[in-house]
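Source file data_12.txt; content: compact mmCIF, C-alpha atoms.
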# COMPACT_ATOMS: atom_id res chain seq x y z
CA MET A 1 -32.43 19.78 -20.61
CA SER A 2 -30.07 17.10 -19.29
CA SER A 3 -29.73 16.48 -15.57
CA LEU A 4 -26.41 15.80 -13.81
CA ARG A 5 -26.08 14.35 -10.34
CA VAL A 6 -23.29 12.81 -8.25
CA ASP A 7 -24.04 9.92 -5.91
CA GLU A 8 -21.94 8.12 -3.35
CA VAL A 9 -21.21 4.52 -4.29
CA ARG A 10 -22.93 2.02 -2.02
CA GLY A 11 -22.97 -1.75 -1.96
CA TRP A 12 -21.53 -4.45 -4.17
CA SER A 13 -23.38 -3.43 -7.33
CA GLY A 14 -22.51 0.24 -6.89
CA LEU A 15 -18.83 -0.60 -6.65
CA GLY A 16 -19.17 -2.72 -9.77
CA GLU A 17 -20.62 0.26 -11.65
CA PHE A 18 -17.72 2.40 -10.40
CA ILE A 19 -15.15 -0.16 -11.61
CA ASN A 20 -16.86 -0.63 -14.98
CA LEU A 21 -17.10 3.08 -15.80
CA PRO A 22 -13.98 3.39 -18.03
CA TRP A 23 -15.56 0.98 -20.51
CA GLN A 24 -18.44 3.48 -20.87
CA LEU A 25 -16.26 6.44 -21.89
CA PHE A 26 -16.09 7.25 -25.58
CA TYR A 27 -12.37 8.12 -25.45
CA TYR A 28 -11.23 4.72 -24.19
CA ARG A 29 -13.38 2.84 -26.67
CA ASN A 30 -11.38 4.53 -29.43
CA ASP A 31 -7.93 4.59 -27.81
CA PRO A 32 -5.62 1.83 -29.12
CA ASN A 33 -3.20 2.47 -26.24
CA TRP A 34 -5.67 1.88 -23.41
CA VAL A 35 -5.04 -1.26 -21.35
CA PRO A 36 -8.34 -2.27 -19.68
CA PRO A 37 -7.64 -2.88 -15.98
CA LEU A 38 -8.45 -6.20 -14.38
CA LYS A 39 -11.86 -5.76 -12.73
CA LEU A 40 -11.34 -8.44 -10.08
CA GLU A 41 -8.04 -6.89 -8.99
CA ASN A 42 -9.65 -3.46 -8.59
CA ARG A 43 -12.54 -4.89 -6.62
CA MET A 44 -10.12 -6.60 -4.22
CA ARG A 45 -8.12 -3.40 -3.80
CA MET A 46 -11.26 -1.44 -2.97
CA SER A 47 -12.41 -3.98 -0.41
CA GLU A 48 -11.95 -2.71 3.14
CA ARG A 49 -11.99 -6.33 4.30
CA LEU A 50 -9.33 -7.61 1.89
CA ASN A 51 -6.96 -4.64 1.54
CA PRO A 52 -4.79 -3.99 4.65
CA PHE A 53 -4.37 -0.39 3.47
CA PHE A 54 -7.72 0.42 5.06
CA LYS A 55 -6.53 -0.36 8.57
CA ASN A 56 -5.02 3.13 8.54
CA ALA A 57 -7.11 4.76 5.84
CA ARG A 58 -10.63 5.55 4.69
CA ALA A 59 -12.19 6.19 1.30
CA LYS A 60 -15.45 7.11 -0.35
CA TYR A 61 -16.32 6.71 -4.00
CA PHE A 62 -18.62 8.83 -6.14
CA ILE A 63 -20.25 8.43 -9.56
CA ALA A 64 -21.59 11.21 -11.78
CA ARG A 65 -24.66 10.39 -13.85
CA ARG A 66 -26.17 12.39 -16.66
CA ASP A 67 -29.78 11.42 -17.39
CA GLY A 68 -29.12 8.22 -15.50
CA ARG A 69 -26.00 7.26 -17.48
CA ALA A 70 -22.65 7.04 -15.67
CA VAL A 71 -20.29 9.68 -17.08
CA GLY A 72 -17.60 10.12 -14.40
CA ARG A 73 -16.16 8.88 -11.13
CA ILE A 74 -13.78 9.94 -8.36
CA SER A 75 -12.62 8.84 -4.92
CA ALA A 76 -11.89 10.90 -1.83
CA HIS A 77 -9.55 9.15 0.57
CA GLU A 78 -7.23 9.74 3.49
CA SER A 79 -4.10 7.83 4.48
CA LYS A 80 -3.58 8.38 8.18
CA ARG A 81 -0.21 6.68 7.87
CA PHE A 82 0.84 9.25 5.26
CA ASN A 83 -0.32 12.24 7.30
CA GLU A 84 1.30 10.99 10.49
CA PHE A 85 4.63 10.51 8.72
CA GLN A 86 4.51 13.78 6.75
CA LYS A 87 2.98 15.75 9.65
CA ASN A 88 0.29 17.32 7.50
CA ARG A 89 -3.44 17.02 6.83
CA TRP A 90 -3.64 16.18 3.15
CA GLY A 91 -6.52 14.39 1.56
CA PHE A 92 -6.23 12.51 -1.72
CA PHE A 93 -8.39 12.14 -4.81
CA GLY A 94 -8.06 9.19 -7.15
CA TRP A 95 -9.67 6.73 -9.57
CA PHE A 96 -10.70 9.79 -11.59
CA GLU A 97 -12.42 9.19 -14.92
CA CYS A 98 -14.67 11.65 -16.72
CA GLU A 99 -16.30 12.56 -19.99
CA ASP A 100 -14.86 15.62 -21.72
CA ASP A 101 -17.14 18.03 -19.90
CA PRO A 102 -16.10 20.73 -17.36
CA GLU A 103 -19.48 20.60 -15.63
CA THR A 104 -19.11 16.89 -14.88
CA ALA A 105 -15.54 17.31 -13.63
CA ARG A 106 -16.54 20.19 -11.36
CA ALA A 107 -19.45 18.25 -9.89
CA LEU A 108 -17.17 15.30 -9.10
CA PHE A 109 -14.42 17.38 -7.52
CA ASP A 110 -16.91 19.48 -5.56
CA VAL A 111 -18.22 16.35 -3.85
CA ALA A 112 -14.74 14.91 -3.27
CA GLU A 113 -13.42 18.18 -1.83
CA LYS A 114 -16.45 18.51 0.42
CA GLN A 115 -15.79 15.04 1.78
CA LEU A 116 -12.13 15.80 2.46
CA LYS A 117 -13.07 19.00 4.31
CA GLU A 118 -15.62 17.11 6.39
CA TRP A 119 -12.74 14.84 7.48
CA GLY A 120 -10.82 17.93 8.62
CA LEU A 121 -8.22 17.85 5.82
CA ASP A 122 -6.75 21.02 4.35
CA ALA A 123 -5.62 20.00 0.84
CA ALA A 124 -6.68 17.77 -2.04
CA VAL A 125 -3.74 16.04 -3.74
CA GLY A 126 -3.69 13.50 -6.53
CA PRO A 127 -4.46 11.49 -8.44
CA PHE A 128 -3.43 8.58 -6.22
CA ASN A 129 -4.88 5.07 -6.28
CA TYR A 130 -4.30 5.24 -3.19
CA THR A 131 -0.82 6.63 -2.34
CA THR A 132 2.62 6.92 -3.91
CA ASN A 133 2.96 3.20 -3.19
CA ASP A 134 0.22 2.57 -5.77
CA GLU A 135 -0.56 3.83 -9.27
CA CYS A 136 -0.45 7.60 -9.26
CA GLY A 137 -0.12 10.64 -11.46
CA LEU A 138 -2.08 12.10 -14.36
CA LEU A 139 -0.51 11.43 -17.75
CA ILE A 140 0.21 14.82 -19.37
CA ASP A 141 2.71 13.81 -22.07
CA GLY A 142 3.32 10.56 -23.95
CA PHE A 143 -0.15 9.46 -25.01
CA ASP A 144 1.04 7.66 -28.15
CA THR A 145 2.17 4.45 -26.42
CA PRO A 146 0.46 2.06 -23.97
CA PRO A 147 1.25 2.30 -20.26
CA MET A 148 3.65 -0.05 -18.50
CA ILE A 149 2.45 -2.43 -15.80
CA LEU A 150 1.18 -0.53 -12.73
CA MET A 151 1.33 2.83 -14.51
CA THR A 152 -1.63 5.04 -15.37
CA HIS A 153 -3.11 6.11 -18.70
CA ASN A 154 -5.80 8.72 -19.36
CA PRO A 155 -7.20 11.03 -22.03
CA PRO A 156 -5.22 14.22 -22.79
CA TYR A 157 -8.17 16.44 -21.86
CA TYR A 158 -8.00 15.45 -18.16
CA GLN A 159 -5.21 17.96 -17.53
CA LYS A 160 -7.39 20.80 -18.78
CA LEU A 161 -10.35 19.67 -16.65
CA VAL A 162 -8.26 19.45 -13.47
CA GLU A 163 -6.38 22.71 -13.94
CA ALA A 164 -9.62 24.59 -14.64
CA LEU A 165 -10.72 23.70 -11.09
CA GLY A 166 -7.78 25.48 -9.47
CA TYR A 167 -5.40 22.53 -9.14
CA GLN A 168 -1.71 23.29 -9.58
CA LYS A 169 1.35 21.16 -10.17
CA ALA A 170 2.81 19.66 -7.00
CA GLN A 171 5.32 17.32 -8.63
CA ASP A 172 6.03 15.70 -11.98
CA LEU A 173 6.92 12.03 -12.35
CA PHE A 174 9.12 10.94 -15.24
CA ALA A 175 9.10 7.66 -17.15
CA TYR A 176 12.35 6.99 -18.98
CA ARG A 177 12.75 4.71 -21.95
CA MET A 178 15.89 2.74 -22.74
CA ASP A 179 16.48 0.28 -25.56
CA ALA A 180 18.14 -2.98 -24.53
CA THR A 181 20.52 -2.70 -27.49
CA GLN A 182 22.21 0.36 -26.01
CA PRO A 183 25.73 -0.30 -24.73
CA CYS A 184 26.43 0.15 -21.05
CA PRO A 185 28.43 3.41 -20.66
CA GLU A 186 32.09 2.78 -19.94
CA ILE A 187 32.02 4.83 -16.72
CA VAL A 188 29.15 2.69 -15.40
CA HIS A 189 31.01 -0.52 -16.30
CA LYS A 190 34.16 0.79 -14.59
CA ILE A 191 32.34 1.64 -11.35
CA ALA A 192 30.48 -1.69 -11.40
CA SER A 193 33.74 -3.61 -11.81
CA GLU A 194 35.27 -1.82 -8.83
CA VAL A 195 32.25 -2.60 -6.65
CA ARG A 196 32.23 -6.28 -7.65
CA ALA A 197 35.86 -6.53 -6.57
CA ARG A 198 35.02 -5.60 -2.95
CA PRO A 199 35.14 -8.78 -0.85
CA ASN A 200 32.39 -7.64 1.54
CA VAL A 201 29.87 -6.84 -1.24
CA LYS A 202 27.85 -9.62 -2.83
CA PHE A 203 25.11 -9.57 -5.46
CA ARG A 204 22.47 -12.23 -6.05
CA THR A 205 19.02 -12.67 -7.54
CA TRP A 206 15.93 -13.00 -5.34
CA ASP A 207 14.98 -16.49 -4.21
CA ILE A 208 11.37 -16.21 -5.32
CA LYS A 209 10.58 -19.91 -5.21
CA HIS A 210 11.75 -20.75 -1.69
CA ASN A 211 12.27 -17.50 0.25
CA LEU A 212 10.02 -14.83 -1.24
CA ARG A 213 8.81 -13.70 2.18
CA ARG A 214 12.39 -13.13 3.31
CA GLU A 215 13.09 -11.13 0.16
CA LEU A 216 9.98 -9.00 0.66
CA GLU A 217 11.00 -8.30 4.25
CA SER A 218 14.41 -7.09 3.04
CA PHE A 219 12.70 -5.08 0.28
CA HIS A 220 10.46 -3.46 2.92
CA ASP A 221 13.40 -2.54 5.14
CA ILE A 222 15.47 -1.03 2.32
CA TYR A 223 12.50 0.71 0.70
CA ASN A 224 11.50 2.55 3.87
CA SER A 225 15.12 3.54 4.50
CA ALA A 226 16.01 4.59 0.95
CA TRP A 227 12.88 6.57 0.06
CA ASN A 228 11.92 8.26 3.34
CA ARG A 229 13.20 11.68 2.28
CA ASN A 230 11.39 11.67 -1.06
CA TRP A 231 8.47 13.94 -1.81
CA GLY A 232 5.13 12.27 -1.10
CA PHE A 233 6.68 9.28 0.65
CA VAL A 234 4.52 7.12 2.89
CA PRO A 235 6.14 4.20 4.74
CA LEU A 236 5.30 0.83 3.28
CA ASP A 237 3.40 -1.35 5.74
CA LEU A 238 4.92 -4.83 5.99
CA LYS A 239 1.59 -6.63 6.41
CA GLU A 240 0.20 -4.76 3.41
CA LEU A 241 3.24 -5.74 1.34
CA LEU A 242 3.11 -9.39 2.39
CA SER A 243 -0.59 -9.53 1.52
CA HIS A 244 0.53 -9.26 -2.12
CA GLU A 245 2.94 -12.20 -1.92
CA PHE A 246 0.87 -14.23 -4.42
CA GLU A 247 0.82 -11.34 -6.92
CA PHE A 248 4.58 -10.97 -6.64
CA LYS A 249 5.01 -14.62 -7.56
CA LEU A 250 3.01 -13.94 -10.72
CA LEU A 251 4.70 -10.64 -11.52
CA LEU A 252 8.36 -11.30 -10.89
CA ASP A 253 11.05 -12.62 -13.20
CA GLN A 254 13.73 -13.86 -10.80
CA GLU A 255 16.55 -13.08 -13.23
CA VAL A 256 15.84 -9.32 -13.09
CA ALA A 257 15.26 -9.10 -9.33
CA PHE A 258 18.57 -8.34 -7.63
CA MET A 259 19.72 -7.96 -4.03
CA ALA A 260 23.00 -6.47 -2.80
CA GLU A 261 24.42 -7.65 0.52
CA ILE A 262 27.17 -5.81 2.38
CA ASP A 263 28.86 -7.58 5.27
CA GLY A 264 26.15 -10.24 5.03
CA LYS A 265 23.19 -7.84 5.35
CA ALA A 266 20.75 -6.69 2.68
CA ALA A 267 21.78 -3.20 1.60
CA GLY A 268 20.08 -2.56 -1.73
CA PHE A 269 17.77 -4.02 -4.36
CA ALA A 270 16.81 -3.56 -7.98
CA LEU A 271 13.43 -4.91 -8.97
CA SER A 272 12.20 -5.04 -12.55
CA LEU A 273 8.82 -6.34 -13.71
CA PRO A 274 7.95 -7.95 -17.04
CA ASN A 275 5.41 -5.66 -18.69
CA LEU A 276 2.37 -7.86 -18.17
CA ASN A 277 0.23 -5.17 -19.80
CA GLU A 278 1.30 -6.70 -23.11
CA ALA A 279 -0.78 -9.76 -22.13
CA ILE A 280 -3.43 -8.05 -20.00
CA VAL A 281 -4.52 -5.78 -22.86
CA ARG A 282 -6.08 -8.79 -24.61
CA LEU A 283 -8.26 -9.77 -21.65
CA ASN A 284 -10.59 -6.71 -21.68
CA GLY A 285 -10.60 -6.66 -17.88
CA SER A 286 -11.84 -10.20 -17.35
CA LEU A 287 -9.95 -13.17 -15.86
CA ASN A 288 -12.33 -15.93 -16.93
CA PRO A 289 -10.83 -19.40 -17.60
CA ILE A 290 -10.34 -18.79 -21.32
CA ASN A 291 -8.67 -15.42 -20.69
CA LEU A 292 -6.46 -16.95 -18.01
CA LEU A 293 -5.12 -19.48 -20.52
CA ARG A 294 -4.66 -16.68 -23.03
CA PHE A 295 -2.74 -14.67 -20.43
CA ILE A 296 -0.41 -17.59 -19.63
CA ARG A 297 0.30 -18.05 -23.33
CA GLU A 298 0.87 -14.36 -24.06
CA ARG A 299 3.12 -13.87 -21.03
CA LYS A 300 5.83 -15.93 -22.71
CA ASN A 301 6.06 -13.34 -25.51
CA ILE A 302 6.51 -10.18 -23.44
CA LYS A 303 9.16 -7.91 -24.95
CA SER A 304 9.38 -5.00 -22.52
CA LEU A 305 10.41 -4.57 -18.91
CA ARG A 306 9.68 -1.99 -16.24
CA VAL A 307 12.50 -1.10 -13.86
CA PHE A 308 10.07 -0.75 -10.99
CA ALA A 309 12.29 0.15 -8.03
CA LEU A 310 15.96 0.54 -7.25
CA GLY A 311 16.99 1.45 -3.73
CA VAL A 312 20.14 1.47 -1.65
CA LYS A 313 20.34 2.22 2.05
CA PRO A 314 21.70 5.76 2.58
CA GLU A 315 24.89 4.62 4.31
CA HIS A 316 25.89 2.55 1.25
CA ARG A 317 24.96 4.86 -1.61
CA ARG A 318 28.42 6.23 -2.37
CA ILE A 319 30.13 2.95 -3.20
CA GLY A 320 28.41 2.42 -6.57
CA VAL A 321 25.97 -0.43 -5.91
CA GLY A 322 23.54 1.12 -8.37
CA ALA A 323 26.03 0.77 -11.22
CA VAL A 324 26.05 -3.02 -10.78
CA PHE A 325 22.25 -3.08 -10.75
CA TYR A 326 22.09 -1.03 -13.98
CA GLU A 327 24.66 -3.19 -15.76
CA ASP A 328 23.20 -6.52 -14.64
CA THR A 329 19.64 -5.52 -15.54
CA LEU A 330 20.77 -4.49 -19.02
CA LEU A 331 22.75 -7.70 -19.58
CA VAL A 332 19.95 -9.97 -18.39
CA ALA A 333 17.35 -8.05 -20.42
CA ARG A 334 19.32 -8.77 -23.57
CA ARG A 335 19.74 -12.43 -22.71
CA ARG A 336 16.02 -12.78 -21.90
CA ASN A 337 15.12 -11.10 -25.20
CA TYR A 338 13.52 -8.00 -23.68
CA LYS A 339 13.73 -5.33 -26.38
CA TRP A 340 13.37 -2.24 -24.24
CA GLY A 341 12.65 -1.06 -20.73
CA GLU A 342 10.98 1.74 -18.85
CA MET A 343 12.46 3.23 -15.69
CA SER A 344 9.54 4.64 -13.76
CA TRP A 345 8.51 6.57 -12.04
CA ILE A 346 11.19 9.10 -11.07
CA LEU A 347 10.41 12.29 -9.14
CA GLU A 348 11.47 15.39 -11.05
CA SER A 349 13.06 16.55 -7.78
CA ASN A 350 15.27 13.43 -7.55
CA ASP A 351 18.29 15.01 -9.23
CA ALA A 352 20.70 12.15 -8.51
CA MET A 353 18.47 9.48 -10.05
CA ASN A 354 17.58 11.61 -13.07
CA ARG A 355 21.28 12.24 -13.77
CA ALA A 356 22.11 8.55 -13.40
CA ILE A 357 19.42 7.40 -15.82
CA ARG A 358 20.40 9.98 -18.40
CA LEU A 359 24.01 8.83 -18.06
CA MET A 360 22.80 5.32 -18.84
CA GLY A 361 21.22 6.61 -22.05
CA GLY A 362 17.58 6.84 -20.93
CA TRP A 363 15.28 9.59 -22.15
CA VAL A 364 11.94 10.87 -20.81
CA TYR A 365 9.11 9.63 -22.99
CA LYS A 366 6.16 10.03 -20.60
CA THR A 367 5.39 12.60 -17.92
CA TYR A 368 2.85 12.21 -15.14
CA ARG A 369 1.71 15.03 -12.85
CA ILE A 370 0.53 15.18 -9.25
CA PHE A 371 -1.81 18.11 -8.56
CA LYS A 372 -2.57 19.94 -5.33
CA LYS A 373 -5.26 22.37 -4.24
CA ASP A 374 -5.57 23.97 -0.84
CA LEU A 375 -9.04 23.57 0.61
Please re-express this file's structure in structure tokens.
Amino acid sequence: MSSLRVDEVRGWSGLGEFINLPWQLFYYRNDPNWVPPLKLENRMRMSERLNPFFKNARAKYFIARRDGRAVGRISAHESKRFNEFQKNRWGFFGWFECEDDPETARALFDVAEKQLKEWGLDAAVGPFNYTTNDECGLLIDGFDTPPMILMTHNPPYYQKLVEALGYQKAQDLFAYRMDATQPCPEIVHKIASEVRARPNVKFRTWDIKHNLRRELESFHDIYNSAWNRNWGFVPLDLKELLSHEFEFKLLLDQEVAFMAEIDGKAAGFALSLPNLNEAIVRLNGSLNPINLLRFIRERKNIKSLRVFALGVKPEHRRIGVGAVFYEDTLLVARRRNYKWGEMSWILESNDAMNRAIRLMGGWVYKTYRIFKKDL
């Protein structure tokens, strides 16, 4: 008879086993759409010393083993910043991976839920790696294509495992697809033209080479103003954002990073990311020197783009700044030879944004779900 046990991850080697677990699962080994995550990046994110997130958060990680073989993992974590802003006592689960076995899933969630209750929290919500400012959501529809950069991917059976444990839908997140060949709707072009004609409104691309820190500071200010009424929002910490300045330099394509200024002050942004997963998929999680050269070579051939974030300060939303962002992103994507783009993720409860994207010709091609269970 097989034995199943769940242990807390301890030490450098234990964290390595936790990070390496997806490579052990049968499903991923046979899934052509899986993009192996970069191991070094995950290790840095899980480091309490290197990740500023942990100044206001705590996390524990657990591994399930069957007859000594790792078969599942999960984290239990708390964002004090989130709970202070939302005025609740939620705990989060994340980094969930599991064999197709209800017993293993139950053992993992039992341990995670016990940890959250020991911290005095009254709900388990997720998956989050670590909050809505990071990768989040369980893929429940759209398994036939690879994930975009900074989006999740998982086996279809995860939904069944999670729901069997009493977790219910808290919110769905939509990923829209749009082909770059689609024409910009006439109404969008009309609104954009009217906005461009305003003498106090100016649009420009980010100055990534010389003033990236300034751009990130403006991004931070607008982001926390534009999103603070959204479900699951947690304010973005400026120091945490600036700690990723080097990654932004690698990720960003300046021509699809836009800023709107009204009366000389930053009022909105649209930030798209080249889908680096097209290059990362070939690295099998490792950034050794040979893979790094391969990544640099493959990056030049990326054909898809993720519209990562578009935000306008509330006091400027009614003048149509978003229409300019939509039109400019589409025009530049064509010129840069991007074939298609994903707009993600969009809360199902964000009616205005969902209507706008559908007006632009986007359609939902992936759905991610956040689950919640009262403890």
(request) Considering all atoms listed in the file, return as number ranges by chain whatever protein or nucleic-acid residues lie within 7 Å of range 363-372 of chain A, sequence-local ones (same chain, fewer than 3 positions apart) excluded. (result) A: 123-127, 137-142, 167-178, 358
(request) Return the single residue from A:Gly285, A:Asn230, A:Arg73, A:Asp101 that is closest to Asp351 in chain A, with distances computed using all atoms listed in the file. (result)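 The answer is A:Asn230, which sits nearest to Asp351 in chain A.
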(request) May I ask which of the residues A:Trp95, A:Trp90, A:Phe85, A:Phe269 is the closest one to Asn42 in chain A, counting only C-alpha atoms? (result)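 Between A:Trp95, A:Trp90, A:Phe85, A:Phe269, the residue approaching Asn42 in chain A most closely is A:Trp95.
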(request) Tell me, in Å to one decimal, how far CA of Glu41 in chain A is from CA of Trp206 in chain A. (result)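 Result for CA of Glu41 in chain A versus CA of Trp206 in chain A: 25.0 Å, one decimal.
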(message) One decimal, in Å: what's the spacing between CA of Ala266 in chain A and CA of Ser225 in chain A?
(response) 11.8 Å
(request) Have a look at A:Ile74, A:Ile149, A:Leu347, A:Leu238 and name the one nearest to Tyr130 in chain A; count all atoms listed in the file. (result)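 Once distances to Tyr130 in chain A are computed over all atoms listed in the file, the minimum belongs to A:Ile74.
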(message) Quick check, in Å to one decimal: how far apart do CA of Phe53 in chain A and CA of Lys117 in chain A lie?
(response) 21.3 Å
(request) Can you work out which one of A:Val35, A:Ala257, A:Leu305, A:Val234 has the shortest atom-to-atom distance to Lys87 in chain A, counting only C-alpha atoms? (result) A:Val234
(message) If we draw a sphere of 12 Å around (-13.0, 7.7, -24.7), which residues have at least one atom in it when counting all atoms listed in the file? Please report them as a list in words.
(response) Leu21, Pro22, Trp23, Gln24, Leu25, Phe26, Tyr27, Tyr28, Arg29, Asn30, Asp31, Pro32, Asn33, Trp34, Val71, Gly72, Glu97, Cys98, Glu99, Asp100, His153, Asn154, Pro155, Pro156, Tyr157 and Tyr158 of chain A
(message) Neighbouring residues of Leu242 in chain A were defined as those with any atom within 10 Å, considering all atoms listed in the file; residues of the same chain fewer than 5 positions away were excluded. Please report them as a list in words.
(response)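 Counting all atoms listed in the file, the residues come to Pro52, Leu212, Arg213, Leu216, Glu217, His220, Asp237, Glu247 and Phe248 of chain A.
For the residues A:Lys373, A:Arg45, A:Lys114, A:His244, ranking by smallest atom-to-atom distance to Asn129 in chain A using all atoms listed in the file places A:Arg45 first.
Checking A:Ile208, A:Ala105, A:Cys136, A:Leu241 one by one against Gln159 in chain A, counting only C-alpha atoms, you find the shortest gap at A:Ala105.
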(message) I'd like the neighbourhood of Asp253 in chain A as a PyMOL selection string, where a residue qualifies if any of its atoms comes within 9 Å (using only C-alpha atoms), though same-chain residues fewer than 5 positions away should be ignored.
(response) chain A and resi 208+272-274
(message) Residues within 8 Å of (16.7, 2.1, -24.0), file coordinates, counting all atoms listed in the file: what are they? Give the list as a list in words.
(response)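 Within 8 Å of (16.7, 2.1, -24.0), the protein and nucleic acid residues are Arg177, Met178, Asp179, Ala180, Thr181, Gln182, Trp340, Gly341, Glu342, Gly361, Gly362 and Trp363 of chain A.
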